[in-house]
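Here's the structure we're looking at; comments come further down.
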Amino acid sequence: MHDQASVLRKLASKENNNSRMRVIAVTSGKGGVGKTSFTVNLALALSEYGRRIIILDGDLGLANVDIAFGLTARYTIEHLLSGEKTIEQIMLTGPRGIGIIPGGSGVQGLANLERNKLANVIANLGRLEKMADLLIIDTGAGLGHTVINFLKSADDIIMVTTPEPTALTDAYGLLKTLRKEAGEVPIHVVINRVRNETDAQATFKRLEMAVHKFLDGSLDFMGWVYDDPLVGRSVMQQEPLGISYPESPAYKCIQWIASTVVGIYHRPPRQAGGVRGFLSKLLRSF
Ligand SMILES: Nc1ncnc2c1ncn2[C@@H]1O[C@H](COP(=O)(O)OP(=O)(O)OP(=O)(O)O)[C@@H](O)[C@H]1O
Ligand SMILES: [Mg+2]
């Protein structure tokens, strides 16, 4: 206990540098709704604004982010936690200088940090601050302990859902848990795979009505992405949509959402803590 407190104090004392990285977690209730496609293309769209982006592939299942970029991860967070590799050695570089940190099975260890690994992880992740303005975490779907720990430590949460009833039911479940566990973190909703704007608006209304009892109008509708066969094609080609089909309807939507994210970026986060703030919140979640 004493150890943990002193680590937190040390983190806090380092928090007064001025370049703070923002941490945004992308999540969903149900799996397969398009988190990874969205994350990868959001990173590309944000890089068009000159933002330096690092993606942490926080999915415990199949690692996807590297594959979406047509890259193959050699090392993962696991090698970082074991002390075998540094952050620079595990990070891949995608188009436009986007950094990709492959999570692999190390993700669980990161979200449930053991005290004896703290100093090493802090030293490594602390260096990210100089490399990028924004860390986007592609979390797994659902309500696992690891996902929740990431979500409650982030500056913002983007929750992706589709209009499908099952996706909405799971989104509802996730929002209910987040309300309890991460009440302070702003939640922005993106509706993926919509037919048109009416479909998107109606879907958000449905979600909002279901949660208004416990969320009371605080849910932010960030935007929607059209159902677009070019998304599937780019997945098959292992090249992000924003590179292969930058004029596609789906990517145009993501560019529009990126402009909103840039707006958020200009607002100070709840606790402007950067990566160290993120880690100290992660630690406090025990
Ligand atoms: N806007 C879209 N239009 C058409 N197809 C889409 C769209 N977004 C995603 N998809 C398709 O949905 C599938 C799942 O997408 P993706 O892997 O990004 O989901 P995910 O939420 O990351 O899944 P998981 O929970 O397994 O990590 C992909 O094969 C992709 O082609
Ligand atoms: Mg995924």
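Lettering and numbering for the structure tokens are positional, with chains as A, B, ... in the shown order, residues counted from 1 in each chain, and ligands counted from 1 in the shown order.
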
What are the closest atom pairs, with distances in Å to one decimal, for all residues of chain A lying within 7 Å of ligand 1? Consider only C-alpha atoms and all ligand atoms, order rows by chain and residue number, and present the result as a Markdown table.
```
| residue | atom | partner | partner_atom_place_in_ligand_line | distance |
| --- | --- | --- | --- | --- |
| A:Ser28 | CA | ligand 1 | 21 (O) | 6.9 |
| A:Lys30 | CA | ligand 1 | 25 (O) | 6.8 |
| A:Gly31 | CA | ligand 1 | 25 (O) | 3.3 |
| A:Gly32 | CA | ligand 1 | 23 (O) | 3.2 |
| A:Val33 | CA | ligand 1 | 21 (O) | 4.0 |
| A:Gly34 | CA | ligand 1 | 19 (O) | 3.2 |
| A:Lys35 | CA | ligand 1 | 21 (O) | 3.8 |
| A:Thr36 | CA | ligand 1 | 22 (O) | 3.7 |
| A:Ser37 | CA | ligand 1 | 18 (O) | 3.8 |
| A:Phe38 | CA | ligand 1 | 18 (O) | 6.3 |
| A:Asp59 | CA | ligand 1 | 27 (O) | 6.5 |
| A:Gly140 | CA | ligand 1 | 27 (O) | 5.8 |
| A:Ala141 | CA | ligand 1 | 25 (O) | 5.2 |
| A:Asn192 | CA | ligand 1 | 1 (N) | 5.4 |
| A:Arg193 | CA | ligand 1 | 1 (N) | 4.3 |
| A:Val225 | CA | ligand 1 | 1 (N) | 5.5 |
| A:Tyr226 | CA | ligand 1 | 1 (N) | 5.1 |
| A:Asp227 | CA | ligand 1 | 3 (N) | 3.5 |
| A:Asp228 | CA | ligand 1 | 3 (N) | 3.9 |
| A:Pro229 | CA | ligand 1 | 4 (C) | 5.1 |
| A:Leu230 | CA | ligand 1 | 4 (C) | 7.0 |
| A:Val231 | CA | ligand 1 | 4 (C) | 5.0 |
| A:Gly232 | CA | ligand 1 | 31 (O) | 3.3 |
| A:Arg233 | CA | ligand 1 | 31 (O) | 7.0 |
| A:Val235 | CA | ligand 1 | 31 (O) | 5.7 |
| A:Ala250 | CA | ligand 1 | 1 (N) | 5.6 |
```

Selection above as a file: C-alpha atoms, as an mmCIF file, in the first residue's frame:
```
data_model
loop_
_atom_site.group_PDB
_atom_site.id
_atom_site.type_symbol
_atom_site.label_atom_id
_atom_site.label_comp_id
_atom_site.auth_asym_id
_atom_site.auth_seq_id
_atom_site.Cartn_x
_atom_site.Cartn_y
_atom_site.Cartn_z
ATOM 1 C CA SER A 28 -18.352 -1.070 -27.624
ATOM 2 C CA LYS A 30 -21.026 -5.900 -28.521
ATOM 3 C CA GLY A 31 -18.038 -7.138 -30.505
ATOM 4 C CA GLY A 32 -17.656 -6.766 -34.237
ATOM 5 C CA VAL A 33 -19.385 -3.389 -34.549
ATOM 6 C CA GLY A 34 -16.393 -1.706 -36.204
ATOM 7 C CA LYS A 35 -14.139 -0.424 -33.387
ATOM 8 C CA THR A 36 -10.890 -1.362 -35.055
ATOM 9 C CA SER A 37 -11.833 -0.021 -38.500
ATOM 10 C CA PHE A 38 -13.020 3.158 -36.850
ATOM 11 C CA ASP A 59 -8.017 -5.968 -27.607
ATOM 12 C CA GLY A 140 -11.965 -5.065 -26.547
ATOM 13 C CA ALA A 141 -15.749 -5.239 -26.449
ATOM 14 C CA ASN A 192 -21.604 2.787 -37.322
ATOM 15 C CA ARG A 193 -23.077 1.117 -40.400
ATOM 16 C CA VAL A 225 -20.541 6.300 -40.300
ATOM 17 C CA TYR A 226 -22.344 4.919 -43.348
ATOM 18 C CA ASP A 227 -22.516 1.249 -44.052
ATOM 19 C CA ASP A 228 -20.073 1.068 -46.911
ATOM 20 C CA PRO A 229 -18.843 -2.021 -48.798
ATOM 21 C CA LEU A 230 -15.468 -0.305 -49.262
ATOM 22 C CA VAL A 231 -14.803 -0.812 -45.530
ATOM 23 C CA GLY A 232 -14.923 -4.577 -45.975
ATOM 24 C CA ARG A 233 -12.835 -4.356 -49.116
ATOM 25 C CA VAL A 235 -10.088 -4.921 -44.516
ATOM 26 C CA ALA A 250 -17.499 5.926 -44.675
#
```

* Skipping near chain neighbours, those fewer than 4 positions away, what residues fall within 6 Å of range 273-285 of chain A using only C-alpha atoms, listed as a ChimeraX atom specification? -> /A:20-22,153

* Pairwise distance for CA of Gly103 in chain A and CA of Val160 in chain A, rounded to one decimal in Å -> 20.2 Å

* **Who sits within 8 Å of Leu56 in chain A, only C-alpha atoms, same chain under 5 positions skipped, as a list in words** =>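 Surrounding residues, per the criterion: Ile100, Ile101, Pro102, Gly103, Leu135, Ile136, Ile137 and Asp138 of chain A.
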
* **Residues within 12 Å of Val40 in chain A, only C-alpha atoms, excluding chain neighbours under 5 positions, as a PyMOL selection string** => chain A and resi 26+34-35+45-47+53-57+64-70+94-96+98-100+135-138+231+234-235+238-243+251+254-255+258

* To do: Just list the residues in range 90-249 of chain A DSSP gives alpha helix (DSSP H) on the backbone, as a PyMOL selection string.
  => chain A and resi 90+106-111+118-126+128-131+145-153+165-181+197-215+229-237+241-244+249

* Using the chain letters and numbers from this document, which residues of range 110-278 of chain A does DSSP assign to strand (DSSP E or B), as a PyMOL selection string? -> chain A and resi 134-139+156-161+187-194+220-226

Select from range 117-154 of chain A every residue with an atom at most 9 Å from any atom of range 184-190 of chain A, then for each give the shortest pair of atoms and their distance in Å to one decimal, using only C-alpha atoms, rows by chain and rising number, as JSON lines.
```
{"residue": "A:Leu151", "atom": "CA", "partner": "A:Val185", "partner_atom": "CA", "distance": 8.1}
{"residue": "A:Lys152", "atom": "CA", "partner": "A:Val185", "partner_atom": "CA", "distance": 6.7}
{"residue": "A:Ser153", "atom": "CA", "partner": "A:Val185", "partner_atom": "CA", "distance": 8.2}
{"residue": "A:Ala154", "atom": "CA", "partner": "A:Val185", "partner_atom": "CA", "distance": 7.2}
```

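Close contacts of range 175-178 of chain A, defined as residues with an atom at most 8 Å away when counting only C-alpha atoms, with chain neighbours fewer than 5 positions off set aside, comprise Leu143, Ile148, Lys152, Gly183, Val211 and Phe214 of chain A.
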
Write out the residues from the selection above, keeping C-alpha atoms, as a PDB file, in the first residue's frame.
```pdb
ATOM      1  CA  LEU A 143     -17.571  -5.462 -19.609  1.00  0.00           C
ATOM      2  CA  ILE A 148     -13.385  -1.116 -17.633  1.00  0.00           C
ATOM      3  CA  LYS A 152     -12.276   4.774 -16.421  1.00  0.00           C
ATOM      4  CA  GLY A 183     -19.147   8.419 -13.980  1.00  0.00           C
ATOM      5  CA  VAL A 211     -30.504   5.425 -20.812  1.00  0.00           C
ATOM      6  CA  PHE A 214     -29.599   7.107 -15.394  1.00  0.00           C
TER       7      PHE A 214
END
```

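If only C-alpha atoms are the atoms counted, then among A:Thr76, A:Thr162, A:Gln237, A:Thr86 the closest residue to Arg127 in chain A is A:Thr86.
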
* Asked: Which one of A:Leu168, A:Ala132, A:Ile158, A:Tyr49 sits closest to Ser259 in chain A if you count only C-alpha atoms?
  ->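 For Ser259 in chain A, the nearest of the candidates is A:Tyr49.
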
* Out of A:Gly97, A:Pro249, A:Gly173, A:Gly58, which residue has the shortest atom-to-atom distance to Asn196 in chain A when counting only C-alpha atoms? ->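 Closest candidate: A:Pro249.
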
Got a sec: who's within 9 Å of Leu207 in chain A, counting only C-alpha atoms, leaving out chain neighbours fewer than 6 positions off, as an mmCIF file with N, CA, C and O atoms, in the first residue's frame?
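The resulting around.cif:
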```cif
data_model
loop_
_atom_site.group_PDB
_atom_site.id
_atom_site.type_symbol
_atom_site.label_atom_id
_atom_site.label_comp_id
_atom_site.auth_asym_id
_atom_site.auth_seq_id
_atom_site.Cartn_x
_atom_site.Cartn_y
_atom_site.Cartn_z
ATOM 1 N N LEU A 168 -27.414 -2.510 -29.685
ATOM 2 C CA LEU A 168 -27.964 -1.457 -28.818
ATOM 3 C C LEU A 168 -28.186 -1.958 -27.399
ATOM 4 O O LEU A 168 -27.927 -1.247 -26.429
ATOM 5 N N THR A 169 -28.650 -3.185 -27.274
ATOM 6 C CA THR A 169 -28.850 -3.765 -25.940
ATOM 7 C C THR A 169 -27.523 -3.829 -25.191
ATOM 8 O O THR A 169 -27.438 -3.479 -24.017
ATOM 9 N N ALA A 171 -24.876 -2.003 -25.837
ATOM 10 C CA ALA A 171 -24.427 -0.620 -25.599
ATOM 11 C C ALA A 171 -25.092 -0.089 -24.325
ATOM 12 O O ALA A 171 -24.441 0.554 -23.486
ATOM 13 N N TYR A 172 -26.357 -0.393 -24.185
ATOM 14 C CA TYR A 172 -27.100 0.008 -22.989
ATOM 15 C C TYR A 172 -26.445 -0.577 -21.734
ATOM 16 O O TYR A 172 -26.207 0.126 -20.752
#
```

* **Among listed residues A:Val107, A:Val261, A:Ala123, A:Leu174, nearest Gly83 in chain A (using only C-alpha atoms)** =>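 Closest to Gly83 in chain A, using only C-alpha atoms: A:Ala123.
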
* Looking at only C-alpha atoms and all ligand atoms, which of A:Leu60, A:Met91, A:Ala167, A:Ile257 is the one that sits closest to ligand 2? ->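 The answer is A:Leu60, which sits nearest to ligand 2.
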
* To do: Considering only C-alpha atoms and all ligand atoms, state which residue in the set A:Thr93, A:Gln201, A:Glu78, A:Thr139 is at the smallest distance from ligand 2.
  =>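 The answer is A:Thr139, which sits nearest to ligand 2.
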
* **Between CA of Asp220 in chain A and CA of Ile191 in chain A - distance in Å to one decimal** => 11.5 Å
